[in-house]
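Undergrad: protein.tsv is the file, holding TSV, N, CA and C atoms:
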```
chain	number	residue	atom	x	y	z
K	188	MET	N	78.96	41.00	177.56
K	188	MET	CA	80.06	40.07	177.71
K	188	MET	C	79.55	38.76	178.29
K	189	PHE	N	78.74	38.86	179.33
K	189	PHE	CA	78.21	37.66	179.98
K	189	PHE	C	77.42	36.81	179.00
K	190	LEU	N	76.60	37.46	178.19
K	190	LEU	CA	75.75	36.71	177.25
K	190	LEU	C	76.57	36.11	176.11
K	191	LYS	N	77.60	36.80	175.69
K	191	LYS	CA	78.52	36.23	174.69
K	191	LYS	C	79.24	35.03	175.30
K	192	THR	N	79.52	35.10	176.59
K	192	THR	CA	80.15	33.97	177.27
K	192	THR	C	79.21	32.77	177.30
K	193	ILE	N	77.91	33.02	177.48
K	193	ILE	CA	76.94	31.92	177.46
K	193	ILE	C	76.96	31.24	176.09
K	194	PHE	N	76.97	32.04	175.04
K	194	PHE	CA	77.04	31.47	173.69
K	194	PHE	C	78.32	30.66	173.51
K	195	SER	N	79.44	31.21	173.93
K	195	SER	CA	80.71	30.51	173.78
K	195	SER	C	80.72	29.22	174.60
K	196	PHE	N	80.14	29.26	175.78
K	196	PHE	CA	80.03	28.06	176.60
K	196	PHE	C	79.18	27.01	175.88
K	197	GLY	N	78.10	27.46	175.26
K	197	GLY	CA	77.27	26.55	174.48
K	197	GLY	C	78.04	25.88	173.36
K	198	ILE	N	78.94	26.62	172.72
K	198	ILE	CA	79.80	26.04	171.69
K	198	ILE	C	80.71	24.98	172.31
K	199	SER	N	81.28	25.33	173.48
K	199	SER	CA	82.22	24.41	174.13
K	199	SER	C	81.55	23.09	174.52
K	200	ILE	N	80.31	23.16	175.03
K	200	ILE	CA	79.64	21.92	175.46
K	200	ILE	C	78.77	21.33	174.36
K	201	LYS	N	78.78	22.01	173.20
K	201	LYS	CA	78.01	21.55	172.03
K	201	LYS	C	76.53	21.40	172.34
K	202	SER	N	75.97	22.46	172.92
K	202	SER	CA	74.55	22.48	173.28
K	202	SER	C	73.83	23.55	172.47
K	203	TRP	N	72.95	23.12	171.56
K	203	TRP	CA	72.20	24.07	170.75
K	203	TRP	C	71.31	24.98	171.59
K	204	PRO	N	70.57	24.50	172.59
K	204	PRO	CA	69.73	25.42	173.37
K	204	PRO	C	70.53	26.51	174.08
K	205	VAL	N	71.68	26.16	174.63
K	205	VAL	CA	72.51	27.16	175.32
K	205	VAL	C	73.03	28.18	174.31
K	206	MET	N	73.48	27.69	173.15
K	206	MET	CA	73.96	28.62	172.12
K	206	MET	C	72.84	29.56	171.67
K	207	PHE	N	71.66	28.99	171.47
K	207	PHE	CA	70.53	29.78	170.98
K	207	PHE	C	70.15	30.87	171.98
K	208	VAL	N	70.03	30.51	173.25
K	208	VAL	CA	69.64	31.49	174.27
K	208	VAL	C	70.71	32.58	174.40
K	209	GLY	N	71.97	32.18	174.46
K	209	GLY	CA	73.05	33.17	174.57
K	209	GLY	C	73.08	34.12	173.39
K	210	ARG	N	72.93	33.58	172.20
K	210	ARG	CA	72.97	34.42	171.00
K	210	ARG	C	71.75	35.31	170.88
K	211	LEU	N	70.59	34.79	171.25
K	211	LEU	CA	69.36	35.57	171.18
K	211	LEU	C	69.43	36.78	172.11
K	212	ILE	N	69.79	36.54	173.33
K	212	ILE	CA	69.84	37.64	174.30
K	212	ILE	C	70.99	38.60	173.97
K	213	PHE	N	72.12	38.05	173.52
K	213	PHE	CA	73.24	38.90	173.12
K	213	PHE	C	72.83	39.81	171.96
K	214	GLY	N	72.07	39.28	171.02
K	214	GLY	CA	71.60	40.06	169.88
K	214	GLY	C	70.65	41.18	170.29
K	215	LEU	N	69.81	40.91	171.28
K	215	LEU	CA	68.90	41.95	171.78
K	215	LEU	C	69.69	43.09	172.43
K	216	GLY	N	70.76	42.76	173.09
K	216	GLY	CA	71.59	43.78	173.73
K	216	GLY	C	72.28	44.69	172.74
K	217	GLY	N	72.48	44.21	171.51
K	217	GLY	CA	73.12	45.03	170.49
K	217	GLY	C	72.30	46.26	170.15
K	218	GLU	N	70.99	46.14	170.18
K	218	GLU	CA	70.13	47.29	169.92
K	218	GLU	C	70.25	48.33	171.03
K	219	CYS	N	70.33	47.87	172.26
K	219	CYS	CA	70.51	48.79	173.39
K	219	CYS	C	71.84	49.52	173.26
K	220	PHE	N	72.85	48.80	172.82
K	220	PHE	CA	74.15	49.42	172.62
K	220	PHE	C	74.09	50.51	171.56
K	221	GLY	N	73.35	50.25	170.49
K	221	GLY	CA	73.21	51.24	169.43
K	221	GLY	C	72.55	52.52	169.91
K	222	VAL	N	71.52	52.39	170.73
K	222	VAL	CA	70.84	53.56	171.27
K	222	VAL	C	71.77	54.33	172.22
K	223	ALA	N	72.46	53.60	173.09
K	223	ALA	CA	73.38	54.26	174.03
K	223	ALA	C	74.52	54.95	173.29
K	224	ASN	N	75.02	54.32	172.25
K	224	ASN	CA	76.09	54.90	171.45
K	224	ASN	C	75.63	56.19	170.77
K	225	SER	N	74.43	56.18	170.22
K	225	SER	CA	73.89	57.38	169.59
K	225	SER	C	73.71	58.51	170.60
K	226	ALA	N	73.23	58.17	171.78
K	226	ALA	CA	73.06	59.19	172.83
K	226	ALA	C	74.39	59.79	173.24
K	227	LEU	N	75.41	58.96	173.35
K	227	LEU	CA	76.74	59.45	173.71
K	227	LEU	C	77.30	60.36	172.62
K	228	LEU	N	77.11	59.99	171.37
K	228	LEU	CA	77.59	60.83	170.28
K	228	LEU	C	76.87	62.18	170.24
K	229	THR	N	75.56	62.19	170.52
K	229	THR	CA	74.84	63.46	170.49
K	229	THR	C	75.23	64.36	171.66
K	230	ASP	N	75.73	63.78	172.75
K	230	ASP	CA	76.23	64.59	173.85
K	230	ASP	C	77.56	65.25	173.50
K	231	TRP	N	78.38	64.56	172.74
K	231	TRP	CA	79.72	65.04	172.46
K	231	TRP	C	79.83	65.93	171.23
K	232	PHE	N	78.92	65.75	170.28
K	232	PHE	CA	79.05	66.47	169.01
K	232	PHE	C	77.76	67.21	168.68
K	233	LYS	N	77.89	68.31	167.93
K	233	LYS	CA	76.73	69.10	167.50
K	233	LYS	C	76.88	69.46	166.03
K	234	GLY	N	75.74	69.66	165.37
K	234	GLY	CA	75.73	70.14	163.99
K	234	GLY	C	76.40	69.21	163.01
K	235	ARG	N	77.24	69.79	162.14
K	235	ARG	CA	77.93	69.00	161.12
K	235	ARG	C	78.91	68.02	161.75
K	236	GLU	N	79.45	68.37	162.91
K	236	GLU	CA	80.35	67.45	163.60
K	236	GLU	C	79.62	66.16	163.99
K	237	LEU	N	78.34	66.31	164.34
K	237	LEU	CA	77.54	65.14	164.72
K	237	LEU	C	77.37	64.21	163.52
K	238	ALA	N	77.08	64.77	162.37
K	238	ALA	CA	76.93	63.95	161.16
K	238	ALA	C	78.24	63.23	160.83
K	239	PHE	N	79.35	63.94	160.97
K	239	PHE	CA	80.65	63.33	160.72
K	239	PHE	C	80.94	62.22	161.73
K	240	ALA	N	80.61	62.46	163.01
K	240	ALA	CA	80.82	61.45	164.05
K	240	ALA	C	79.99	60.20	163.79
K	241	PHE	N	78.73	60.38	163.38
K	241	PHE	CA	77.89	59.23	163.05
K	241	PHE	C	78.47	58.47	161.84
K	242	GLY	N	78.98	59.20	160.87
K	242	GLY	CA	79.59	58.57	159.70
K	242	GLY	C	80.83	57.76	160.07
K	243	ILE	N	81.69	58.33	160.88
K	243	ILE	CA	82.89	57.62	161.33
K	243	ILE	C	82.49	56.40	162.15
K	244	ASN	N	81.51	56.57	163.04
K	244	ASN	CA	81.04	55.45	163.87
K	244	ASN	C	80.51	54.30	163.00
K	245	LEU	N	79.70	54.63	162.03
K	245	LEU	CA	79.15	53.61	161.14
K	245	LEU	C	80.25	52.94	160.32
K	246	SER	N	81.21	53.73	159.83
K	246	SER	CA	82.30	53.17	159.04
K	246	SER	C	83.15	52.21	159.86
K	247	ILE	N	83.45	52.59	161.08
K	247	ILE	CA	84.28	51.73	161.93
K	247	ILE	C	83.53	50.45	162.29
K	248	SER	N	82.22	50.56	162.53
K	248	SER	CA	81.46	49.35	162.85
K	248	SER	C	81.42	48.40	161.65
K	249	LYS	N	81.28	48.95	160.45
K	249	LYS	CA	81.29	48.10	159.25
K	249	LYS	C	82.68	47.51	159.02
K	250	LEU	N	83.72	48.28	159.32
K	250	LEU	CA	85.08	47.77	159.20
K	250	LEU	C	85.29	46.60	160.18
K	251	GLY	N	84.72	46.73	161.37
K	251	GLY	CA	84.80	45.64	162.34
K	251	GLY	C	84.12	44.38	161.83
K	252	SER	N	83.00	44.54	161.15
K	252	SER	CA	82.32	43.38	160.57
K	252	SER	C	83.16	42.73	159.48
K	253	VAL	N	83.81	43.53	158.67
K	253	VAL	CA	84.66	42.98	157.60
K	253	VAL	C	85.85	42.23	158.21
K	254	ILE	N	86.48	42.84	159.22
K	254	ILE	CA	87.61	42.18	159.87
K	254	ILE	C	87.17	40.87	160.51
K	255	ASN	N	85.98	40.87	161.14
K	255	ASN	CA	85.45	39.65	161.74
K	255	ASN	C	85.23	38.57	160.67
K	256	ASN	N	84.67	38.96	159.53
K	256	ASN	CA	84.40	38.00	158.47
K	256	ASN	C	85.68	37.43	157.85
K	257	ILE	N	86.78	38.14	157.98
K	257	ILE	CA	88.06	37.63	157.49
K	257	ILE	C	88.78	36.83	158.58
K	258	LEU	N	88.79	37.36	159.79
K	258	LEU	CA	89.57	36.78	160.88
K	258	LEU	C	88.94	35.50	161.46
K	259	SER	N	87.63	35.50	161.66
K	259	SER	CA	86.99	34.34	162.30
K	259	SER	C	87.17	33.05	161.51
K	260	PRO	N	86.92	33.04	160.19
K	260	PRO	CA	87.17	31.79	159.45
K	260	PRO	C	88.64	31.36	159.48
K	261	ALA	N	89.55	32.34	159.44
K	261	ALA	CA	90.97	31.99	159.48
K	261	ALA	C	91.33	31.36	160.82
K	262	LEU	N	90.83	31.94	161.91
K	262	LEU	CA	91.09	31.37	163.23
K	262	LEU	C	90.44	30.00	163.38
K	263	ALA	N	89.22	29.86	162.87
K	263	ALA	CA	88.51	28.58	162.96
K	263	ALA	C	89.23	27.50	162.16
K	264	GLN	N	89.77	27.87	161.03
K	264	GLN	CA	90.46	26.89	160.19
K	264	GLN	C	91.78	26.46	160.83
K	265	LYS	N	92.47	27.43	161.44
K	265	LYS	CA	93.79	27.12	162.00
K	265	LYS	C	93.69	26.49	163.39
K	266	PHE	N	92.79	27.01	164.25
K	266	PHE	CA	92.74	26.56	165.64
K	266	PHE	C	91.46	25.85	166.03
K	267	GLY	N	90.42	25.96	165.22
K	267	GLY	CA	89.13	25.34	165.52
K	267	GLY	C	88.06	26.38	165.81
K	268	ILE	N	86.83	25.97	165.67
K	268	ILE	CA	85.70	26.89	165.86
K	268	ILE	C	85.62	27.39	167.30
K	269	GLU	N	85.86	26.48	168.23
K	269	GLU	CA	85.77	26.87	169.64
K	269	GLU	C	86.74	28.01	169.96
K	270	PHE	N	87.96	27.92	169.47
K	270	PHE	CA	88.95	28.97	169.70
K	270	PHE	C	88.49	30.28	169.08
K	271	ALA	N	87.97	30.23	167.87
K	271	ALA	CA	87.53	31.45	167.18
K	271	ALA	C	86.41	32.13	167.95
K	272	VAL	N	85.49	31.33	168.49
K	272	VAL	CA	84.37	31.91	169.24
K	272	VAL	C	84.86	32.52	170.56
K	273	TRP	N	85.74	31.80	171.26
K	273	TRP	CA	86.27	32.35	172.52
K	273	TRP	C	87.15	33.57	172.26
K	274	PHE	N	87.85	33.61	171.14
K	274	PHE	CA	88.62	34.79	170.78
K	274	PHE	C	87.70	36.00	170.65
K	275	GLY	N	86.54	35.80	169.99
K	275	GLY	CA	85.55	36.87	169.88
K	275	GLY	C	85.01	37.30	171.23
K	276	THR	N	84.83	36.35	172.13
K	276	THR	CA	84.35	36.67	173.48
K	276	THR	C	85.37	37.52	174.23
K	277	ILE	N	86.62	37.15	174.13
K	277	ILE	CA	87.68	37.92	174.79
K	277	ILE	C	87.77	39.32	174.18
K	278	PHE	N	87.66	39.41	172.88
K	278	PHE	CA	87.69	40.72	172.22
K	278	PHE	C	86.49	41.57	172.65
K	279	CYS	N	85.35	40.93	172.84
K	279	CYS	CA	84.16	41.63	173.34
K	279	CYS	C	84.43	42.18	174.75
K	280	GLY	N	85.10	41.39	175.58
K	280	GLY	CA	85.48	41.87	176.91
K	280	GLY	C	86.41	43.06	176.84
K	281	PHE	N	87.35	43.04	175.90
K	281	PHE	CA	88.25	44.18	175.70
K	281	PHE	C	87.46	45.42	175.30
K	282	SER	N	86.46	45.24	174.45
K	282	SER	CA	85.61	46.36	174.03
K	282	SER	C	84.85	46.96	175.21
K	283	ILE	N	84.35	46.09	176.07
K	283	ILE	CA	83.63	46.57	177.26
K	283	ILE	C	84.57	47.35	178.17
K	284	ALA	N	85.81	46.87	178.30
K	284	ALA	CA	86.79	47.60	179.11
K	284	ALA	C	87.04	49.00	178.53
K	285	CYS	N	87.10	49.11	177.21
K	285	CYS	CA	87.28	50.42	176.58
K	285	CYS	C	86.09	51.33	176.85
K	286	VAL	N	84.89	50.77	176.81
K	286	VAL	CA	83.69	51.57	177.10
K	286	VAL	C	83.72	52.06	178.54
K	287	LEU	N	84.11	51.18	179.46
K	287	LEU	CA	84.17	51.58	180.87
K	287	LEU	C	85.20	52.68	181.10
K	288	LEU	N	86.23	52.71	180.27
K	288	LEU	CA	87.22	53.78	180.37
K	288	LEU	C	86.68	55.12	179.88
K	289	THR	N	85.66	55.09	179.01
K	289	THR	CA	85.10	56.35	178.52
K	289	THR	C	84.16	57.00	179.54
K	290	PHE	N	83.62	56.22	180.48
K	290	PHE	CA	82.68	56.78	181.44
K	290	PHE	C	83.27	57.94	182.26
K	291	PRO	N	84.46	57.81	182.84
K	291	PRO	CA	85.01	58.95	183.58
K	291	PRO	C	85.23	60.18	182.70
K	292	THR	N	85.65	59.95	181.46
K	292	THR	CA	85.86	61.07	180.54
K	292	THR	C	84.53	61.76	180.24
K	293	ASP	N	83.50	60.98	180.00
K	293	ASP	CA	82.18	61.53	179.71
K	293	ASP	C	81.63	62.28	180.92
K	294	LYS	N	81.80	61.73	182.11
K	294	LYS	CA	81.32	62.38	183.33
K	294	LYS	C	82.06	63.70	183.55
K	295	ALA	N	83.36	63.71	183.34
K	295	ALA	CA	84.14	64.94	183.48
K	295	ALA	C	83.68	66.00	182.50
K	296	MET	N	83.36	65.59	181.27
K	296	MET	CA	82.87	66.53	180.27
K	296	MET	C	81.51	67.10	180.68
K	297	ASP	N	80.64	66.25	181.21
K	297	ASP	CA	79.33	66.73	181.67
K	297	ASP	C	79.48	67.78	182.76
K	298	ILE	N	80.39	67.55	183.70
K	298	ILE	CA	80.63	68.52	184.78
K	298	ILE	C	81.18	69.82	184.22
K	299	LYS	N	82.12	69.70	183.28
K	299	LYS	CA	82.72	70.89	182.65
K	299	LYS	C	81.67	71.72	181.91
K	300	ILE	N	80.79	71.05	181.19
K	300	ILE	CA	79.74	71.75	180.44
K	300	ILE	C	78.76	72.41	181.40
K	301	ALA	N	78.43	71.73	182.50
K	301	ALA	CA	77.51	72.31	183.49
K	301	ALA	C	78.12	73.57	184.11
K	302	ARG	N	79.41	73.54	184.42
K	302	ARG	CA	80.08	74.73	184.98
K	302	ARG	C	80.07	75.88	183.98
K	303	LEU	N	80.36	75.55	182.72
K	303	LEU	CA	80.37	76.58	181.68
K	303	LEU	C	78.98	77.17	181.50
K	304	ALA	N	77.95	76.34	181.54
K	304	ALA	CA	76.58	76.83	181.40
K	304	ALA	C	76.21	77.74	182.56
K	305	ASP	N	76.66	77.40	183.76
K	305	ASP	CA	76.40	78.25	184.92
K	305	ASP	C	77.07	79.61	184.76
K	306	ARG	N	78.29	79.63	184.24
K	306	ARG	CA	78.99	80.91	184.03
K	306	ARG	C	78.25	81.76	183.01
K	307	VAL	N	77.82	81.14	181.93
K	307	VAL	CA	77.10	81.87	180.89
K	307	VAL	C	75.79	82.40	181.44
K	308	ASP	N	75.04	81.59	182.18
K	308	ASP	CA	73.78	82.03	182.77
K	308	ASP	C	74.00	83.17	183.75
K	309	ASN	N	75.05	83.09	184.57
K	309	ASN	CA	75.34	84.16	185.53
K	309	ASN	C	75.77	85.43	184.80
K	310	TYR	N	76.50	85.32	183.72
K	310	TYR	CA	76.94	86.46	182.94
K	310	TYR	C	75.72	87.22	182.39
K	311	TYR	N	74.79	86.49	181.78
K	311	TYR	CA	73.62	87.14	181.23
K	311	TYR	C	72.69	87.67	182.32
K	312	PHE	N	72.70	87.02	183.48
K	312	PHE	CA	71.88	87.48	184.58
K	312	PHE	C	72.37	88.82	185.10
K	313	LEU	N	73.71	89.00	185.11
K	313	LEU	CA	74.26	90.26	185.60
K	313	LEU	C	73.98	91.40	184.65
K	314	TRP	N	73.81	91.13	183.38
K	314	TRP	CA	73.54	92.19	182.42
K	314	TRP	C	72.08	92.50	182.46
```
Rewrite the structure from the file as structure tokens, please.
TA:
Amino acid sequence: MFLKTIFSFGISIKSWPVMFVGRLIFGLGGECFGVANSALLTDWFKGRELAFAFGINLSISKLGSVINNILSPALAQKFGIEFAVWFGTIFCGFSIACVLLTFPTDKAMDIKIARLADRVDNYYFLW
């Protein structure tokens, strides 16, 4: 979010170096997001469900790109480029808020799985 804000600020002040640095670093972060997303999916799904989850994830990300390619030019034409870029920044912030909401759910699931694994281990130990 912060790096997207740098890019948007660069648009606002019409500074190519600021835009370039913000976009470059923001783009590098996208790869980290992809790795973290894959790790999260492999924690939640197994087997054929994992393949389905990866397929849904990829489809939704491509759908997001299509919506962006339709919405951004429309916003830029109606309100200006600066508005369209800041709209994307705000939407990016909303996405980060959604990710932060998944952390407690993921942590609760990890604890639940650990308890279940302990029960299974104790069950087999008693036999």
Undergrad: Residues within 10 Å of Leu211 (chain K), please, as a list in words. Count only C-alpha atoms; anything in the same chain fewer than 4 positions from it doesn't count.
TA: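 My reading of the contact set: Leu190, Lys191, Phe194, Val205, Met206, Phe207, Leu215 and Gly216 of chain K.
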Undergrad: Between atom C of Ala261 (chain K) and atom N of Cys219 (chain K), what is the distance in Å, rounded to a tenth?
TA: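 Atom-to-atom, atom C of Ala261 (chain K) and atom N of Cys219 (chain K) are spaced 29.1 Å apart.
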Undergrad: In Å, with one decimal, what is the gap from CA of Asn256 (chain K) to atom N of Leu227 (chain K)?
TA: 27.2 Å
Undergrad: Atom C of Ile198 (chain K) and CA of Glu269 (chain K) are how many Å apart?
TA: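 So the two atoms, atom C of Ile198 (chain K) and CA of Glu269 (chain K), lie 6.0 Å apart.
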Undergrad: Could you check the closest approach to Leu262 (chain K) for each of K:Phe196, K:Phe274, K:Trp203, K:Phe241 and tell me which residue wins, using only C-alpha atoms?
TA: K:Phe274
Undergrad: Can you save region 200-211 of chain K of the given block to a file, including all heavy atoms and formatted as a PDB file, in the first residue's frame?
TA:
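The new file out_37.pdb reads:
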```pdb
ATOM      1  N   ILE K 200       2.295  14.821  -8.260  1.00  0.00           N
ATOM      2  CA  ILE K 200       3.272  15.915  -8.404  1.00  0.00           C
ATOM      3  C   ILE K 200       3.941  15.907  -9.770  1.00  0.00           C
ATOM      4  O   ILE K 200       4.827  16.711 -10.038  1.00  0.00           O
ATOM      5  CB  ILE K 200       4.333  15.861  -7.281  1.00  0.00           C
ATOM      6  CG1 ILE K 200       5.178  14.596  -7.362  1.00  0.00           C
ATOM      7  CG2 ILE K 200       3.688  16.034  -5.923  1.00  0.00           C
ATOM      8  CD1 ILE K 200       6.376  14.588  -6.429  1.00  0.00           C
ATOM      9  N   LYS K 201       3.526  14.946 -10.604  1.00  0.00           N
ATOM     10  CA  LYS K 201       4.059  14.826 -11.968  1.00  0.00           C
ATOM     11  C   LYS K 201       5.573  14.672 -11.985  1.00  0.00           C
ATOM     12  O   LYS K 201       6.287  15.383 -12.688  1.00  0.00           O
ATOM     13  CB  LYS K 201       3.616  16.015 -12.823  1.00  0.00           C
ATOM     14  CG  LYS K 201       2.112  16.066 -12.996  1.00  0.00           C
ATOM     15  CD  LYS K 201       1.668  17.314 -13.698  1.00  0.00           C
ATOM     16  CE  LYS K 201       0.189  17.380 -13.914  1.00  0.00           C
ATOM     17  NZ  LYS K 201      -0.658  17.131 -12.809  1.00  0.00           N
ATOM     18  N   SER K 202       6.046  13.719 -11.182  1.00  0.00           N
ATOM     19  CA  SER K 202       7.482  13.449 -11.079  1.00  0.00           C
ATOM     20  C   SER K 202       7.766  12.032 -11.574  1.00  0.00           C
ATOM     21  O   SER K 202       7.391  11.046 -10.930  1.00  0.00           O
ATOM     22  CB  SER K 202       7.939  13.596  -9.624  1.00  0.00           C
ATOM     23  OG  SER K 202       9.259  13.127  -9.479  1.00  0.00           O
ATOM     24  N   TRP K 203       8.462  11.932 -12.716  1.00  0.00           N
ATOM     25  CA  TRP K 203       8.806  10.630 -13.262  1.00  0.00           C
ATOM     26  C   TRP K 203       9.676   9.808 -12.322  1.00  0.00           C
ATOM     27  O   TRP K 203       9.422   8.608 -12.168  1.00  0.00           O
ATOM     28  CB  TRP K 203       9.494  10.792 -14.622  1.00  0.00           C
ATOM     29  CG  TRP K 203       8.525  11.071 -15.728  1.00  0.00           C
ATOM     30  CD1 TRP K 203       8.252  12.270 -16.294  1.00  0.00           C
ATOM     31  CD2 TRP K 203       7.675  10.119 -16.367  1.00  0.00           C
ATOM     32  NE1 TRP K 203       7.291  12.136 -17.258  1.00  0.00           N
ATOM     33  CE2 TRP K 203       6.916  10.817 -17.331  1.00  0.00           C
ATOM     34  CE3 TRP K 203       7.473   8.758 -16.228  1.00  0.00           C
ATOM     35  CZ2 TRP K 203       5.988  10.205 -18.142  1.00  0.00           C
ATOM     36  CZ3 TRP K 203       6.549   8.135 -17.036  1.00  0.00           C
ATOM     37  CH2 TRP K 203       5.813   8.854 -17.987  1.00  0.00           C
ATOM     38  N   PRO K 204      10.713  10.355 -11.688  1.00  0.00           N
ATOM     39  CA  PRO K 204      11.537   9.529 -10.792  1.00  0.00           C
ATOM     40  C   PRO K 204      10.743   8.943  -9.627  1.00  0.00           C
ATOM     41  O   PRO K 204      10.919   7.776  -9.271  1.00  0.00           O
ATOM     42  CB  PRO K 204      12.624  10.488 -10.301  1.00  0.00           C
ATOM     43  CG  PRO K 204      12.712  11.537 -11.338  1.00  0.00           C
ATOM     44  CD  PRO K 204      11.322  11.691 -11.880  1.00  0.00           C
ATOM     45  N   VAL K 205       9.847   9.723  -9.040  1.00  0.00           N
ATOM     46  CA  VAL K 205       9.036   9.217  -7.924  1.00  0.00           C
ATOM     47  C   VAL K 205       8.100   8.119  -8.414  1.00  0.00           C
ATOM     48  O   VAL K 205       7.955   7.074  -7.763  1.00  0.00           O
ATOM     49  CB  VAL K 205       8.257  10.367  -7.250  1.00  0.00           C
ATOM     50  CG1 VAL K 205       7.306   9.835  -6.185  1.00  0.00           C
ATOM     51  CG2 VAL K 205       9.216  11.379  -6.642  1.00  0.00           C
ATOM     52  N   MET K 206       7.484   8.337  -9.576  1.00  0.00           N
ATOM     53  CA  MET K 206       6.605   7.306 -10.135  1.00  0.00           C
ATOM     54  C   MET K 206       7.379   6.020 -10.414  1.00  0.00           C
ATOM     55  O   MET K 206       6.909   4.925 -10.097  1.00  0.00           O
ATOM     56  CB  MET K 206       5.969   7.794 -11.440  1.00  0.00           C
ATOM     57  CG  MET K 206       4.891   8.810 -11.279  1.00  0.00           C
ATOM     58  SD  MET K 206       4.093   9.153 -12.852  1.00  0.00           S
ATOM     59  CE  MET K 206       5.043  10.565 -13.396  1.00  0.00           C
ATOM     60  N   PHE K 207       8.563   6.175 -10.993  1.00  0.00           N
ATOM     61  CA  PHE K 207       9.371   5.012 -11.360  1.00  0.00           C
ATOM     62  C   PHE K 207       9.767   4.208 -10.119  1.00  0.00           C
ATOM     63  O   PHE K 207       9.613   2.985 -10.091  1.00  0.00           O
ATOM     64  CB  PHE K 207      10.620   5.465 -12.127  1.00  0.00           C
ATOM     65  CG  PHE K 207      11.508   4.329 -12.541  1.00  0.00           C
ATOM     66  CD1 PHE K 207      11.132   3.469 -13.560  1.00  0.00           C
ATOM     67  CD2 PHE K 207      12.706   4.097 -11.887  1.00  0.00           C
ATOM     68  CE1 PHE K 207      11.939   2.408 -13.932  1.00  0.00           C
ATOM     69  CE2 PHE K 207      13.520   3.045 -12.246  1.00  0.00           C
ATOM     70  CZ  PHE K 207      13.137   2.195 -13.270  1.00  0.00           C
ATOM     71  N   VAL K 208      10.266   4.887  -9.096  1.00  0.00           N
ATOM     72  CA  VAL K 208      10.697   4.187  -7.879  1.00  0.00           C
ATOM     73  C   VAL K 208       9.511   3.504  -7.203  1.00  0.00           C
ATOM     74  O   VAL K 208       9.595   2.338  -6.805  1.00  0.00           O
ATOM     75  CB  VAL K 208      11.415   5.166  -6.913  1.00  0.00           C
ATOM     76  CG1 VAL K 208      11.604   4.547  -5.542  1.00  0.00           C
ATOM     77  CG2 VAL K 208      12.736   5.605  -7.495  1.00  0.00           C
ATOM     78  N   GLY K 209       8.396   4.208  -7.077  1.00  0.00           N
ATOM     79  CA  GLY K 209       7.212   3.612  -6.452  1.00  0.00           C
ATOM     80  C   GLY K 209       6.712   2.398  -7.207  1.00  0.00           C
ATOM     81  O   GLY K 209       6.396   1.368  -6.620  1.00  0.00           O
ATOM     82  N   ARG K 210       6.668   2.502  -8.515  1.00  0.00           N
ATOM     83  CA  ARG K 210       6.178   1.385  -9.331  1.00  0.00           C
ATOM     84  C   ARG K 210       7.142   0.212  -9.335  1.00  0.00           C
ATOM     85  O   ARG K 210       6.729  -0.947  -9.295  1.00  0.00           O
ATOM     86  CB  ARG K 210       5.920   1.872 -10.761  1.00  0.00           C
ATOM     87  CG  ARG K 210       5.254   0.866 -11.628  1.00  0.00           C
ATOM     88  CD  ARG K 210       3.866   0.559 -11.145  1.00  0.00           C
ATOM     89  NE  ARG K 210       3.302  -0.469 -11.993  1.00  0.00           N
ATOM     90  CZ  ARG K 210       2.444  -1.375 -11.583  1.00  0.00           C
ATOM     91  NH1 ARG K 210       2.020  -1.368 -10.344  1.00  0.00           N
ATOM     92  NH2 ARG K 210       2.000  -2.283 -12.393  1.00  0.00           N
ATOM     93  N   LEU K 211       8.437   0.506  -9.375  1.00  0.00           N
ATOM     94  CA  LEU K 211       9.445  -0.550  -9.371  1.00  0.00           C
ATOM     95  C   LEU K 211       9.380  -1.370  -8.090  1.00  0.00           C
ATOM     96  O   LEU K 211       9.299  -2.600  -8.130  1.00  0.00           O
ATOM     97  CB  LEU K 211      10.847   0.050  -9.544  1.00  0.00           C
ATOM     98  CG  LEU K 211      12.000  -0.958  -9.485  1.00  0.00           C
ATOM     99  CD1 LEU K 211      12.028  -1.782 -10.758  1.00  0.00           C
ATOM    100  CD2 LEU K 211      13.313  -0.246  -9.282  1.00  0.00           C
TER     101      LEU K 211
END
```
